[in-house]
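Here the structure is laid out as structure tokens; the discussion comes afterwards.
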Number of protein chains: 2
Amino acid sequence: MIDKEAADLLSQARDEFVAQWGAMGNAWGINRTMAQIHALLMTSDRPLTTDEVMADLKISRGNAHQNLRELTGWGLVRSVIRKGERKEYFEAEKDVWRMFCIVARERKRREIEPALKALKACDEQTRSLRGEKAVAFNRQIRALLEFVGQADSVLDRVSRSEGSSILPLLLKMLTKSKN
Amino acid sequence: MIDKEAADLLSQARDEFVAQWGAMGNAWGINRTMAQIHALLMTSDRPLTTDEVMADLKISRGNAHQNLRELTGWGLVRSVIRKGERKEYFEAEKDVWRMFCIVARERKRREIEPALKALKACDEQTRSLRGEKAVAFNRQIRALLEFVGQADSVLDRVSRSEGSSILPLLLKMLTKSKN
DNA sequence: TGATATTTTCAGTATTTATTGAAAATATGA
DNA sequence: TCATATTTTCAATAAATACTGAAAATATCA
């Protein structure tokens with residue numbers, strides 16, 4: 001009975017985690033179901049099949065399939081084939097630092113870089129324009145460009161650095177330099 | 001005629017910027033129209049009225065109103081009242097670093113902190129559970145918790161630091177330490 | 001090869017989110 | 001106070017996004 005209770009508590013906690021991770025993904029522009037599947041796989045002690053994901057989250061095959069593919073596309077999930085079995089299994093990258101690096105790189109590639117490119121074009125189109133308004137506009141665009149470019153570089157460097165030890169290190173430095 | 005052409009080029013560039021900023025906001029979980037209004041005000045040489053925003057973006061009064069309020073709520077936009085005029089004007093924070101700090105703090109408060117709280121609850125609920133599965137689950141949750149907590153702290157420190165000079169500084173340090 | 005298991009696709013539908021537009025509320029000036 | 005300008009609200013509607021389920025395609029085994 002104790003075991004059963006413990007298992008209940010565990011699966012309850014896991015359900016809450018899955019829901020919370022889904023909500024968070026949602027707020028940051030990531031499909032809720034995708035984030036939930038990710039949470040599920042991240043906290044699974046073994047690879048799961050599409051059917052298991054369907055059953056666990058109570059979603060359709062199509063939905064499970066599409067989102068598993070998308071997660072695979074991000075590189076957050078790998079498909080595993082077991083010899084002697086037809087079914088395809090899925091497992092998540094569990095190392096939190098590697099997870100972060102994957103997400104950082106992908107969002108950089110998919111969203112920041114195109115935005116940077118557009119800002120650059122905008123800068124070039126107005127750089128040589130005369131008139132107070134044009135000059136002010138170009139100045140603002142360049143300020144944005146500089147900032148986004150720097151943020152992009154920082155993200156790049158951090159996500160390329162080896163260990164996750166970079167984060168505590170950064171923290172220490174920031175603590176020293178300020179208050 | 002040259003002036004007219006220059007003005008056309010400018011407003012064309014600005015339209016593109018507004019569209020791009022809207023798309024980027026959208027990808028990061030921010031209402032497209034809200035991001036567009038922000039882009040518009042950010043690149044305006046003077047405060048604008050609700051009617052001007054409506055006309056420029058071709059959106060309804062209700063839509064303009066709601067999103068201007070929301071931007072005000074974020075602290076990215078201020079309302080300006082001119083003496084002798086009934087209309088309310090709106091102007092954006094134009095300093096890019098301050099903009100970043102505002103967004104960082106707000107997203108921290110609205111999304112990261114609740115997630116952290118939920119993760120902590122999840123940790124506590126499973127910390128004392130026995131069994132291989134429960135232990136593995138708790139370990140994973142704690143790894144996430146540690147990471148999100150550290151990222152949160154870094155964001156906090158960076159966004160509290162005075163000048164925008166912190167970013168180039170970080171960059172320099174990261175360049176030295178790696179490759 | 002045929003039987004069976006599994007994956008993929010996608011038109012149709014549901015759900016969520018964003019927008020409109022007009023009525024109600026509020027503020028201002030005469 | 002009344003007339004007018006302006007802001008606010010919100011039910012109705014539109015648009016965007018996500019999901020379903022079943023048919024088609026593909027893979028595997030005997």
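In the structure tokens, the first chain shown is A, the next is B, and so on; residue numbers restart at 1 for each chain, and ligands run from 1 in the order shown.
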Cα-based least-squares overlay of chain A on chain B, as a compact mmCIF listing (two decimals) with C-alpha atoms, in the first residue's frame:
# COMPACT_ATOMS: atom_id res chain seq x y z
CA MET A 1 10.82 65.53 -55.54
CA ILE A 2 13.99 64.22 -53.94
CA ASP A 3 12.50 64.94 -50.53
CA LYS A 4 9.37 63.06 -51.42
CA GLU A 5 11.35 60.07 -52.55
CA ALA A 6 13.42 60.11 -49.37
CA ALA A 7 10.27 60.27 -47.27
CA ASP A 8 8.88 57.33 -49.21
CA LEU A 9 12.01 55.28 -48.64
CA LEU A 10 11.88 56.14 -44.97
CA SER A 11 8.28 55.20 -44.46
CA GLN A 12 8.83 52.03 -46.47
CA ALA A 13 11.76 51.05 -44.26
CA ARG A 14 9.72 51.87 -41.20
CA ASP A 15 6.81 49.72 -42.39
CA GLU A 16 9.17 46.82 -42.88
CA PHE A 17 10.64 47.34 -39.45
CA VAL A 18 7.18 47.38 -37.88
CA ALA A 19 6.23 44.18 -39.68
CA GLN A 20 9.47 42.44 -38.72
CA TRP A 21 9.25 43.48 -35.08
CA GLY A 22 5.68 42.18 -35.02
CA ALA A 23 6.74 38.83 -36.46
CA MET A 24 9.56 38.52 -33.98
CA GLY A 25 7.33 39.34 -31.03
CA ASN A 26 4.91 36.75 -32.33
CA ALA A 27 7.57 34.03 -32.35
CA TRP A 28 8.43 34.84 -28.74
CA GLY A 29 4.88 34.70 -27.44
CA ILE A 30 3.98 38.37 -27.73
CA ASN A 31 0.85 39.55 -29.48
CA ARG A 32 1.78 40.67 -32.96
CA THR A 33 -0.19 43.92 -32.86
CA MET A 34 1.31 44.84 -29.52
CA ALA A 35 4.80 44.40 -30.92
CA GLN A 36 3.88 46.43 -34.00
CA ILE A 37 2.55 49.32 -31.94
CA HIS A 38 5.72 49.18 -29.91
CA ALA A 39 7.83 49.30 -33.06
CA LEU A 40 5.79 52.21 -34.33
CA LEU A 41 6.19 54.26 -31.18
CA MET A 42 9.84 53.34 -30.86
CA THR A 43 10.56 54.88 -34.25
CA SER A 44 8.30 57.88 -33.94
CA ASP A 45 9.84 61.31 -33.45
CA ARG A 46 6.87 62.35 -31.33
CA PRO A 47 4.18 60.84 -29.11
CA LEU A 48 1.17 59.49 -31.01
CA THR A 49 -2.53 59.37 -30.23
CA THR A 50 -4.69 56.27 -30.32
CA ASP A 51 -6.20 57.55 -33.57
CA GLU A 52 -2.81 57.91 -35.20
CA VAL A 53 -1.86 54.38 -34.22
CA MET A 54 -5.22 53.15 -35.57
CA ALA A 55 -4.66 54.92 -38.85
CA ASP A 56 -1.06 53.86 -39.24
CA LEU A 57 -1.59 50.16 -38.56
CA LYS A 58 -5.16 50.05 -39.90
CA ILE A 59 -6.59 48.55 -36.76
CA SER A 60 -9.72 49.25 -34.75
CA ARG A 61 -10.00 51.57 -31.81
CA GLY A 62 -10.58 48.72 -29.38
CA ASN A 63 -7.54 46.86 -30.59
CA ALA A 64 -5.30 49.92 -30.46
CA HIS A 65 -6.61 50.84 -27.04
CA GLN A 66 -6.14 47.40 -25.48
CA ASN A 67 -2.63 46.96 -26.76
CA LEU A 68 -1.56 50.47 -25.79
CA ARG A 69 -2.79 49.72 -22.28
CA GLU A 70 -0.93 46.45 -22.19
CA LEU A 71 2.28 48.11 -23.36
CA THR A 72 1.77 50.71 -20.65
CA GLY A 73 1.35 47.86 -18.18
CA TRP A 74 4.68 46.44 -19.24
CA GLY A 75 6.24 49.85 -18.75
CA LEU A 76 7.42 50.00 -22.36
CA VAL A 77 5.09 52.89 -23.18
CA ARG A 78 4.16 56.01 -21.25
CA SER A 79 1.10 58.13 -21.68
CA VAL A 80 1.70 61.83 -22.17
CA ILE A 81 -0.83 64.57 -21.59
CA ARG A 82 -0.27 67.89 -23.24
CA LYS A 83 -1.75 70.89 -21.53
CA GLY A 84 -4.63 72.43 -23.39
CA GLU A 85 -5.32 69.16 -25.21
CA ARG A 86 -7.86 66.52 -24.35
CA LYS A 87 -6.27 63.70 -26.25
CA GLU A 88 -3.92 61.24 -24.63
CA TYR A 89 -0.57 60.73 -26.35
CA PHE A 90 1.71 57.72 -26.10
CA GLU A 91 5.47 57.51 -26.32
CA ALA A 92 7.78 54.50 -26.08
CA GLU A 93 10.88 54.00 -24.03
CA LYS A 94 13.55 54.40 -26.68
CA ASP A 95 16.68 53.48 -24.81
CA VAL A 96 17.39 49.93 -25.97
CA TRP A 97 19.11 48.84 -22.79
CA ARG A 98 16.28 50.10 -20.58
CA MET A 99 13.86 48.37 -22.90
CA PHE A 100 15.68 45.11 -22.43
CA CYS A 101 15.74 45.50 -18.66
CA ILE A 102 12.01 46.13 -18.55
CA VAL A 103 11.24 43.09 -20.69
CA ALA A 104 13.66 40.90 -18.73
CA ARG A 105 12.19 41.91 -15.41
CA GLU A 106 8.61 41.55 -16.51
CA ARG A 107 9.05 38.12 -18.09
CA LYS A 108 10.99 37.05 -15.04
CA ARG A 109 8.18 38.15 -12.79
CA ARG A 110 5.33 36.87 -14.93
CA GLU A 111 6.73 33.60 -16.24
CA ILE A 112 10.02 32.47 -14.76
CA GLU A 113 9.16 33.01 -11.11
CA PRO A 114 5.87 31.07 -11.25
CA ALA A 115 7.66 28.27 -13.09
CA LEU A 116 10.38 28.23 -10.44
CA LYS A 117 7.78 28.08 -7.72
CA ALA A 118 6.07 25.14 -9.40
CA LEU A 119 9.39 23.33 -9.86
CA LYS A 120 10.18 23.85 -6.20
CA ALA A 121 6.83 22.41 -5.17
CA CYS A 122 7.49 19.47 -7.47
CA ASP A 123 10.88 18.95 -5.88
CA GLU A 124 9.48 19.05 -2.35
CA GLN A 125 6.67 16.66 -3.21
CA THR A 126 9.13 14.03 -4.42
CA ARG A 127 12.24 14.70 -2.42
CA SER A 128 11.51 12.09 0.23
CA LEU A 129 10.00 9.48 -2.03
CA ARG A 130 11.67 6.05 -2.25
CA GLY A 131 12.14 3.89 -5.30
CA GLU A 132 14.36 4.12 -8.32
CA LYS A 133 11.81 5.98 -10.44
CA ALA A 134 11.00 8.57 -7.82
CA VAL A 135 14.66 9.21 -7.16
CA ALA A 136 15.45 9.61 -10.85
CA PHE A 137 12.47 11.94 -11.30
CA ASN A 138 13.51 14.07 -8.37
CA ARG A 139 17.06 14.26 -9.63
CA GLN A 140 15.89 15.53 -13.01
CA ILE A 141 13.59 18.10 -11.44
CA ARG A 142 16.41 19.33 -9.26
CA ALA A 143 18.73 19.67 -12.23
CA LEU A 144 16.11 21.76 -13.99
CA LEU A 145 15.51 23.77 -10.86
CA GLU A 146 19.17 24.53 -10.45
CA PHE A 147 19.53 25.60 -14.04
CA VAL A 148 16.41 27.76 -14.20
CA GLY A 149 17.37 29.30 -10.88
CA GLN A 150 20.83 30.20 -12.12
CA ALA A 151 19.55 31.56 -15.40
CA ASP A 152 17.05 33.62 -13.46
CA SER A 153 19.80 35.03 -11.26
CA VAL A 154 22.00 35.91 -14.22
CA LEU A 155 19.10 37.67 -15.90
CA ASP A 156 18.36 39.48 -12.67
CA ARG A 157 21.91 40.67 -12.20
CA VAL A 158 22.35 41.73 -15.78
CA SER A 159 19.08 43.60 -15.88
CA ARG A 160 19.83 45.39 -12.62
CA SER A 161 23.31 46.47 -13.65
CA GLU A 162 23.57 50.11 -14.56
CA GLY A 163 24.96 50.74 -18.02
CA SER A 164 24.48 48.74 -21.16
CA SER A 165 28.25 48.40 -21.05
CA ILE A 166 27.77 45.10 -19.27
CA LEU A 167 27.02 43.34 -22.52
CA PRO A 168 30.25 44.16 -24.39
CA LEU A 169 32.03 43.36 -21.15
CA LEU A 170 30.47 39.93 -20.94
CA LEU A 171 31.34 39.37 -24.55
CA LYS A 172 34.97 40.23 -23.96
CA MET A 173 35.16 37.83 -21.05
CA LEU A 174 33.53 35.04 -22.98
CA THR A 175 35.85 35.57 -25.90
CA LYS A 176 38.89 35.33 -23.68
CA SER A 177 37.80 32.28 -21.77
CA LYS A 178 36.90 30.21 -24.79
CA ASN A 179 38.31 29.57 -28.27
Just need the residues of chain D within 10 Å of chain B, counting only C-alpha atoms (C1' of nucleotides), so spit them out as a short mmCIF file (atom, residue, chain, number, x, y, z; two decimals) with N, CA, C and O atoms (P, O5', C5', C4', C3', O3' and C1' of nucleotides), in the first residue's frame.
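And here's part-v6.cif as it stands now:
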data_model
loop_
_atom_site.label_atom_id
_atom_site.label_comp_id
_atom_site.auth_asym_id
_atom_site.auth_seq_id
_atom_site.Cartn_x
_atom_site.Cartn_y
_atom_site.Cartn_z
P DA D 5 -16.98 67.50 -30.66
"O5'" DA D 5 -15.78 66.93 -29.79
"C5'" DA D 5 -15.02 67.82 -28.97
"C4'" DA D 5 -14.16 66.98 -28.05
"C3'" DA D 5 -13.38 65.89 -28.78
"O3'" DA D 5 -12.05 65.93 -28.29
"C1'" DA D 5 -14.70 64.93 -27.05
P DT D 6 -10.92 65.08 -28.87
"O5'" DT D 6 -11.00 63.82 -27.92
"C5'" DT D 6 -10.64 63.97 -26.54
"C4'" DT D 6 -10.89 62.67 -25.82
"C3'" DT D 6 -10.27 61.45 -26.50
"O3'" DT D 6 -9.14 61.08 -25.72
"C1'" DT D 6 -12.42 61.00 -25.59
P DT D 7 -8.41 59.69 -25.88
"O5'" DT D 7 -9.26 58.80 -24.86
"C5'" DT D 7 -9.32 59.18 -23.50
"C4'" DT D 7 -10.10 58.13 -22.72
"C3'" DT D 7 -9.48 56.74 -22.76
"O3'" DT D 7 -9.44 56.28 -21.42
"C1'" DT D 7 -11.75 56.63 -23.42
P DT D 8 -8.74 54.89 -21.05
"O5'" DT D 8 -9.98 53.90 -20.98
"C5'" DT D 8 -11.01 54.18 -20.04
"C4'" DT D 8 -12.13 53.19 -20.24
"C3'" DT D 8 -11.70 51.73 -20.29
"O3'" DT D 8 -12.29 51.10 -19.17
"C1'" DT D 8 -13.29 52.22 -22.00
P DT D 9 -11.99 49.55 -18.85
"O5'" DT D 9 -13.27 48.82 -19.46
"C5'" DT D 9 -14.56 49.32 -19.14
"C4'" DT D 9 -15.58 48.61 -20.02
"C3'" DT D 9 -15.42 47.09 -20.09
"O3'" DT D 9 -16.66 46.54 -19.70
"C1'" DT D 9 -15.69 48.01 -22.26
P DC D 10 -16.79 45.06 -19.19
"O5'" DC D 10 -17.50 44.32 -20.42
"C5'" DC D 10 -18.55 44.95 -21.16
"C4'" DC D 10 -18.75 44.21 -22.46
"C3'" DC D 10 -18.28 42.75 -22.42
"O3'" DC D 10 -19.19 41.95 -23.14
"C1'" DC D 10 -17.24 43.85 -24.18
#
(request) Using only C-alpha atoms (C1' of nucleotides), select each residue of chain C with any atom at most 12 Å away from an atom of chain A, and give the selection as a ChimeraX atom specification. (result) /C:4-10,16
According to DSSP computed on the backbone, where in segment 40-104 of chain A is there helix (DSSP H, G or I)? Give the residues as a tab-separated table (two decimals) with all heavy atoms, in the first residue's frame.
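Written file, states23.tsv:
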chain	number	residue	atom	x	y	z
A	40	LEU	N	7.30	15.10	-20.64
A	40	LEU	CA	7.01	13.69	-20.40
A	40	LEU	C	8.24	12.83	-20.66
A	40	LEU	O	8.63	12.00	-19.83
A	40	LEU	CB	5.87	13.25	-21.32
A	40	LEU	CG	5.19	11.94	-20.99
A	40	LEU	CD1	4.39	12.09	-19.71
A	40	LEU	CD2	4.29	11.51	-22.14
A	41	LEU	N	8.87	13.05	-21.80
A	41	LEU	CA	10.03	12.25	-22.16
A	41	LEU	C	11.23	12.56	-21.27
A	41	LEU	O	12.03	11.69	-20.95
A	41	LEU	CB	10.40	12.48	-23.63
A	41	LEU	CG	9.41	11.94	-24.66
A	41	LEU	CD1	9.82	12.33	-26.06
A	41	LEU	CD2	9.29	10.42	-24.55
A	42	MET	N	11.32	13.82	-20.88
A	42	MET	CA	12.42	14.25	-20.04
A	42	MET	C	12.38	13.54	-18.69
A	42	MET	O	13.42	13.34	-18.06
A	42	MET	CB	12.30	15.75	-19.82
A	42	MET	CG	13.64	16.45	-19.80
A	42	MET	SD	13.51	18.21	-19.58
A	42	MET	CE	11.82	18.57	-19.39
A	50	THR	N	4.95	6.25	-29.61
A	50	THR	CA	3.89	7.21	-29.92
A	50	THR	C	2.61	6.86	-29.16
A	50	THR	O	1.95	7.75	-28.61
A	50	THR	CB	3.60	7.19	-31.44
A	50	THR	OG1	4.80	7.50	-32.14
A	50	THR	CG2	2.55	8.21	-31.80
A	51	ASP	N	2.28	5.56	-29.11
A	51	ASP	CA	1.06	5.15	-28.43
A	51	ASP	C	1.09	5.47	-26.94
A	51	ASP	O	0.07	5.85	-26.37
A	51	ASP	CB	0.83	3.64	-28.64
A	51	ASP	CG	0.47	3.33	-30.08
A	51	ASP	OD1	1.38	3.33	-30.93
A	51	ASP	OD2	-0.72	3.15	-30.36
A	52	GLU	N	2.24	5.32	-26.34
A	52	GLU	CA	2.34	5.62	-24.91
A	52	GLU	C	2.16	7.12	-24.67
A	52	GLU	O	1.47	7.54	-23.74
A	52	GLU	CB	3.69	5.14	-24.36
A	52	GLU	CG	3.74	3.63	-24.20
A	52	GLU	CD	5.13	3.13	-23.84
A	52	GLU	OE1	6.13	3.54	-24.48
A	52	GLU	OE2	5.22	2.32	-22.91
A	53	VAL	N	2.75	7.92	-25.53
A	53	VAL	CA	2.59	9.37	-25.41
A	53	VAL	C	1.12	9.74	-25.59
A	53	VAL	O	0.55	10.52	-24.81
A	53	VAL	CB	3.47	10.11	-26.45
A	53	VAL	CG1	3.14	11.59	-26.47
A	53	VAL	CG2	4.95	9.90	-26.14
A	54	MET	N	0.49	9.13	-26.61
A	54	MET	CA	-0.94	9.37	-26.85
A	54	MET	C	-1.78	9.08	-25.60
A	54	MET	O	-2.63	9.86	-25.22
A	54	MET	CB	-1.44	8.46	-27.97
A	54	MET	CG	-1.01	8.86	-29.36
A	54	MET	SD	-1.32	7.50	-30.54
A	54	MET	CE	-3.11	7.35	-30.41
A	55	ALA	N	-1.49	7.91	-25.03
A	55	ALA	CA	-2.26	7.46	-23.87
A	55	ALA	C	-2.03	8.37	-22.68
A	55	ALA	O	-2.97	8.77	-21.99
A	55	ALA	CB	-1.90	6.02	-23.53
A	56	ASP	N	-0.77	8.71	-22.47
A	56	ASP	CA	-0.42	9.49	-21.29
A	56	ASP	C	-1.02	10.90	-21.33
A	56	ASP	O	-1.55	11.40	-20.34
A	56	ASP	CB	1.10	9.57	-21.16
A	56	ASP	CG	1.53	9.66	-19.71
A	56	ASP	OD1	0.96	10.50	-18.99
A	56	ASP	OD2	2.41	8.89	-19.30
A	57	LEU	N	-0.94	11.54	-22.48
A	57	LEU	CA	-1.42	12.92	-22.58
A	57	LEU	C	-2.85	13.00	-23.11
A	57	LEU	O	-3.41	14.10	-23.23
A	57	LEU	CB	-0.48	13.75	-23.47
A	57	LEU	CG	0.96	13.89	-23.00
A	57	LEU	CD1	1.77	14.70	-24.00
A	57	LEU	CD2	1.03	14.54	-21.62
A	61	ARG	N	-3.31	10.39	-32.38
A	61	ARG	CA	-2.08	9.90	-33.00
A	61	ARG	C	-1.42	10.99	-33.84
A	61	ARG	O	-0.21	11.22	-33.74
A	61	ARG	CB	-2.40	8.69	-33.89
A	61	ARG	CG	-1.21	8.07	-34.59
A	61	ARG	CD	-1.59	6.79	-35.31
A	61	ARG	NE	-2.20	5.86	-34.37
A	61	ARG	CZ	-1.52	5.15	-33.46
A	61	ARG	NH1	-0.20	5.28	-33.39
A	61	ARG	NH2	-2.13	4.33	-32.64
A	62	GLY	N	-2.22	11.67	-34.65
A	62	GLY	CA	-1.68	12.72	-35.51
A	62	GLY	C	-0.96	13.78	-34.71
A	62	GLY	O	0.15	14.20	-35.07
A	63	ASN	N	-1.58	14.21	-33.65
A	63	ASN	CA	-1.00	15.24	-32.78
A	63	ASN	C	0.32	14.76	-32.19
A	63	ASN	O	1.34	15.47	-32.27
A	63	ASN	CB	-2.01	15.56	-31.68
A	63	ASN	CG	-1.70	16.86	-30.97
A	63	ASN	OD1	-0.83	17.61	-31.39
A	63	ASN	ND2	-2.41	17.12	-29.89
A	64	ALA	N	0.30	13.58	-31.60
A	64	ALA	CA	1.50	13.03	-31.00
A	64	ALA	C	2.60	12.92	-32.05
A	64	ALA	O	3.74	13.36	-31.84
A	64	ALA	CB	1.22	11.66	-30.38
A	65	HIS	N	2.24	12.38	-33.18
A	65	HIS	CA	3.21	12.18	-34.25
A	65	HIS	C	3.86	13.50	-34.68
A	65	HIS	O	5.09	13.62	-34.71
A	65	HIS	CB	2.52	11.54	-35.45
A	65	HIS	CG	3.41	11.38	-36.62
A	65	HIS	ND1	4.35	10.37	-36.72
A	65	HIS	CD2	3.54	12.12	-37.74
A	65	HIS	CE1	5.01	10.51	-37.85
A	65	HIS	NE2	4.55	11.55	-38.50
A	66	GLN	N	3.04	14.49	-35.00
A	66	GLN	CA	3.56	15.77	-35.48
A	66	GLN	C	4.51	16.40	-34.49
A	66	GLN	O	5.58	16.90	-34.85
A	66	GLN	CB	2.40	16.75	-35.74
A	66	GLN	CG	1.44	16.30	-36.83
A	66	GLN	CD	1.85	16.76	-38.21
A	66	GLN	OE1	3.03	16.78	-38.52
A	66	GLN	NE2	0.88	17.09	-39.04
A	67	ASN	N	4.10	16.41	-33.24
A	67	ASN	CA	4.91	17.07	-32.23
A	67	ASN	C	6.19	16.30	-31.91
A	67	ASN	O	7.23	16.92	-31.64
A	67	ASN	CB	4.08	17.33	-30.98
A	67	ASN	CG	3.14	18.50	-31.16
A	67	ASN	OD1	3.58	19.64	-31.31
A	67	ASN	ND2	1.84	18.24	-31.21
A	68	LEU	N	6.12	14.97	-31.97
A	68	LEU	CA	7.34	14.19	-31.79
A	68	LEU	C	8.33	14.49	-32.91
A	68	LEU	O	9.53	14.62	-32.68
A	68	LEU	CB	7.01	12.69	-31.74
A	68	LEU	CG	6.49	12.19	-30.39
A	68	LEU	CD1	5.88	10.80	-30.51
A	68	LEU	CD2	7.63	12.17	-29.36
A	69	ARG	N	7.80	14.61	-34.12
A	69	ARG	CA	8.67	14.95	-35.26
A	69	ARG	C	9.30	16.32	-35.07
A	69	ARG	O	10.48	16.52	-35.33
A	69	ARG	CB	7.86	14.93	-36.56
A	69	ARG	CG	7.51	13.57	-37.07
A	69	ARG	CD	8.72	12.78	-37.56
A	69	ARG	NE	8.44	11.34	-37.45
A	69	ARG	CZ	9.22	10.45	-36.90
A	69	ARG	NH1	10.37	10.83	-36.35
A	69	ARG	NH2	8.91	9.18	-36.86
A	70	GLU	N	8.49	17.27	-34.62
A	70	GLU	CA	9.01	18.62	-34.45
A	70	GLU	C	10.10	18.64	-33.37
A	70	GLU	O	11.14	19.28	-33.55
A	70	GLU	CB	7.88	19.58	-34.07
A	70	GLU	CG	8.33	21.02	-34.05
A	70	GLU	CD	7.42	21.94	-34.85
A	70	GLU	OE1	6.54	21.43	-35.56
A	70	GLU	OE2	7.60	23.16	-34.76
A	71	LEU	N	9.86	17.93	-32.28
A	71	LEU	CA	10.87	17.85	-31.23
A	71	LEU	C	12.14	17.21	-31.76
A	71	LEU	O	13.26	17.62	-31.40
A	71	LEU	CB	10.33	17.05	-30.04
A	71	LEU	CG	9.37	17.80	-29.12
A	71	LEU	CD1	8.61	16.85	-28.22
A	71	LEU	CD2	10.14	18.83	-28.29
A	72	THR	N	11.97	16.21	-32.62
A	72	THR	CA	13.13	15.57	-33.23
A	72	THR	C	13.88	16.58	-34.09
A	72	THR	O	15.10	16.64	-34.09
A	72	THR	CB	12.69	14.36	-34.07
A	72	THR	OG1	11.91	13.49	-33.25
A	72	THR	CG2	13.87	13.59	-34.60
A	73	GLY	N	13.09	17.40	-34.81
A	73	GLY	CA	13.68	18.44	-35.65
A	73	GLY	C	14.50	19.45	-34.85
A	73	GLY	O	15.53	19.92	-35.29
A	74	TRP	N	14.02	19.75	-33.66
A	74	TRP	CA	14.77	20.65	-32.79
A	74	TRP	C	16.04	19.99	-32.26
A	74	TRP	O	16.96	20.66	-31.84
A	74	TRP	CB	13.91	21.06	-31.59
A	74	TRP	CG	13.00	22.21	-31.85
A	74	TRP	CD1	11.88	22.20	-32.63
A	74	TRP	CD2	13.13	23.55	-31.34
A	74	TRP	NE1	11.31	23.46	-32.64
A	74	TRP	CE2	12.06	24.29	-31.85
A	74	TRP	CE3	14.06	24.17	-30.50
A	74	TRP	CZ2	11.89	25.64	-31.55
A	74	TRP	CZ3	13.88	25.50	-30.20
A	74	TRP	CH2	12.80	26.23	-30.73
A	96	VAL	N	20.44	19.00	-18.84
A	96	VAL	CA	19.80	20.31	-18.87
A	96	VAL	C	20.63	21.33	-19.64
A	96	VAL	O	20.11	22.13	-20.41
A	96	VAL	CB	19.49	20.81	-17.44
A	96	VAL	CG1	18.86	22.18	-17.48
A	96	VAL	CG2	18.57	19.83	-16.74
A	97	TRP	N	21.93	21.29	-19.45
A	97	TRP	CA	22.79	22.25	-20.15
A	97	TRP	C	22.76	22.03	-21.66
A	97	TRP	O	22.60	22.97	-22.44
A	97	TRP	CB	24.24	22.18	-19.63
A	97	TRP	CG	25.12	23.15	-20.34
A	97	TRP	CD1	26.07	22.86	-21.25
A	97	TRP	CD2	25.09	24.57	-20.21
A	97	TRP	NE1	26.64	24.00	-21.72
A	97	TRP	CE2	26.06	25.08	-21.09
A	97	TRP	CE3	24.34	25.47	-19.45
A	97	TRP	CZ2	26.31	26.44	-21.24
A	97	TRP	CZ3	24.58	26.83	-19.59
A	97	TRP	CH2	25.55	27.30	-20.47
A	98	ARG	N	22.83	20.77	-22.08
A	98	ARG	CA	22.76	20.48	-23.52
A	98	ARG	C	21.41	20.91	-24.08
A	98	ARG	O	21.33	21.46	-25.17
A	98	ARG	CB	23.00	18.99	-23.78
A	98	ARG	CG	24.49	18.68	-23.95
A	98	ARG	CD	24.69	17.27	-24.52
A	98	ARG	NE	25.53	16.49	-23.65
A	98	ARG	CZ	25.30	15.23	-23.30
A	98	ARG	NH1	24.24	14.59	-23.76
A	98	ARG	NH2	26.12	14.62	-22.48
A	99	MET	N	20.38	20.67	-23.31
A	99	MET	CA	19.04	21.11	-23.69
A	99	MET	C	19.02	22.61	-23.97
A	99	MET	O	18.54	23.06	-25.01
A	99	MET	CB	18.09	20.85	-22.52
A	99	MET	CG	17.07	19.80	-22.75
A	99	MET	SD	16.17	19.54	-21.20
A	99	MET	CE	15.44	21.14	-20.90
A	100	PHE	N	19.58	23.35	-23.03
A	100	PHE	CA	19.61	24.80	-23.18
A	100	PHE	C	20.38	25.20	-24.43
A	100	PHE	O	19.94	26.07	-25.19
A	100	PHE	CB	20.26	25.43	-21.94
A	100	PHE	CG	20.68	26.86	-22.15
A	100	PHE	CD1	19.73	27.87	-22.17
A	100	PHE	CD2	22.01	27.18	-22.38
A	100	PHE	CE1	20.12	29.19	-22.40
A	100	PHE	CE2	22.40	28.49	-22.61
A	100	PHE	CZ	21.45	29.50	-22.62
A	101	CYS	N	21.52	24.56	-24.66
A	101	CYS	CA	22.33	24.90	-25.83
A	101	CYS	C	21.56	24.64	-27.11
A	101	CYS	O	21.60	25.45	-28.05
A	101	CYS	CB	23.63	24.11	-25.83
A	101	CYS	SG	24.74	24.57	-24.49
A	102	ILE	N	20.86	23.53	-27.17
A	102	ILE	CA	20.07	23.21	-28.36
A	102	ILE	C	19.01	24.27	-28.60
A	102	ILE	O	18.88	24.81	-29.70
A	102	ILE	CB	19.40	21.83	-28.20
A	102	ILE	CG1	20.45	20.72	-28.29
A	102	ILE	CG2	18.33	21.63	-29.26
A	102	ILE	CD1	19.91	19.35	-27.90
A	103	VAL	N	18.28	24.61	-27.55
A	103	VAL	CA	17.21	25.60	-27.69
A	103	VAL	C	17.78	26.96	-28.10
A	103	VAL	O	17.27	27.63	-29.00
A	103	VAL	CB	16.38	25.72	-26.40
A	103	VAL	CG1	15.39	26.87	-26.49
A	103	VAL	CG2	15.64	24.42	-26.13
A	104	ALA	N	18.89	27.34	-27.43
A	104	ALA	CA	19.51	28.63	-27.74
A	104	ALA	C	19.93	28.69	-29.20
A	104	ALA	O	19.63	29.65	-29.92
A	104	ALA	CB	20.71	28.86	-26.82
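DSSP, applied to the backbone of this structure, assigns strand (DSSP E or B) to the following residues of segment 7-143 of chain A: Leu48, Thr49, Val77, Arg78, Ser79, Val80, Ile81, Glu88, Tyr89, Phe90, Glu91 and Ala92 of chain A.
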Between atom C1' of DA14 of chain C and atom C1' of DA25 of chain D, measure the distance and give it in Å to one decimal.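 Those two atoms sit 26.9 Å apart.
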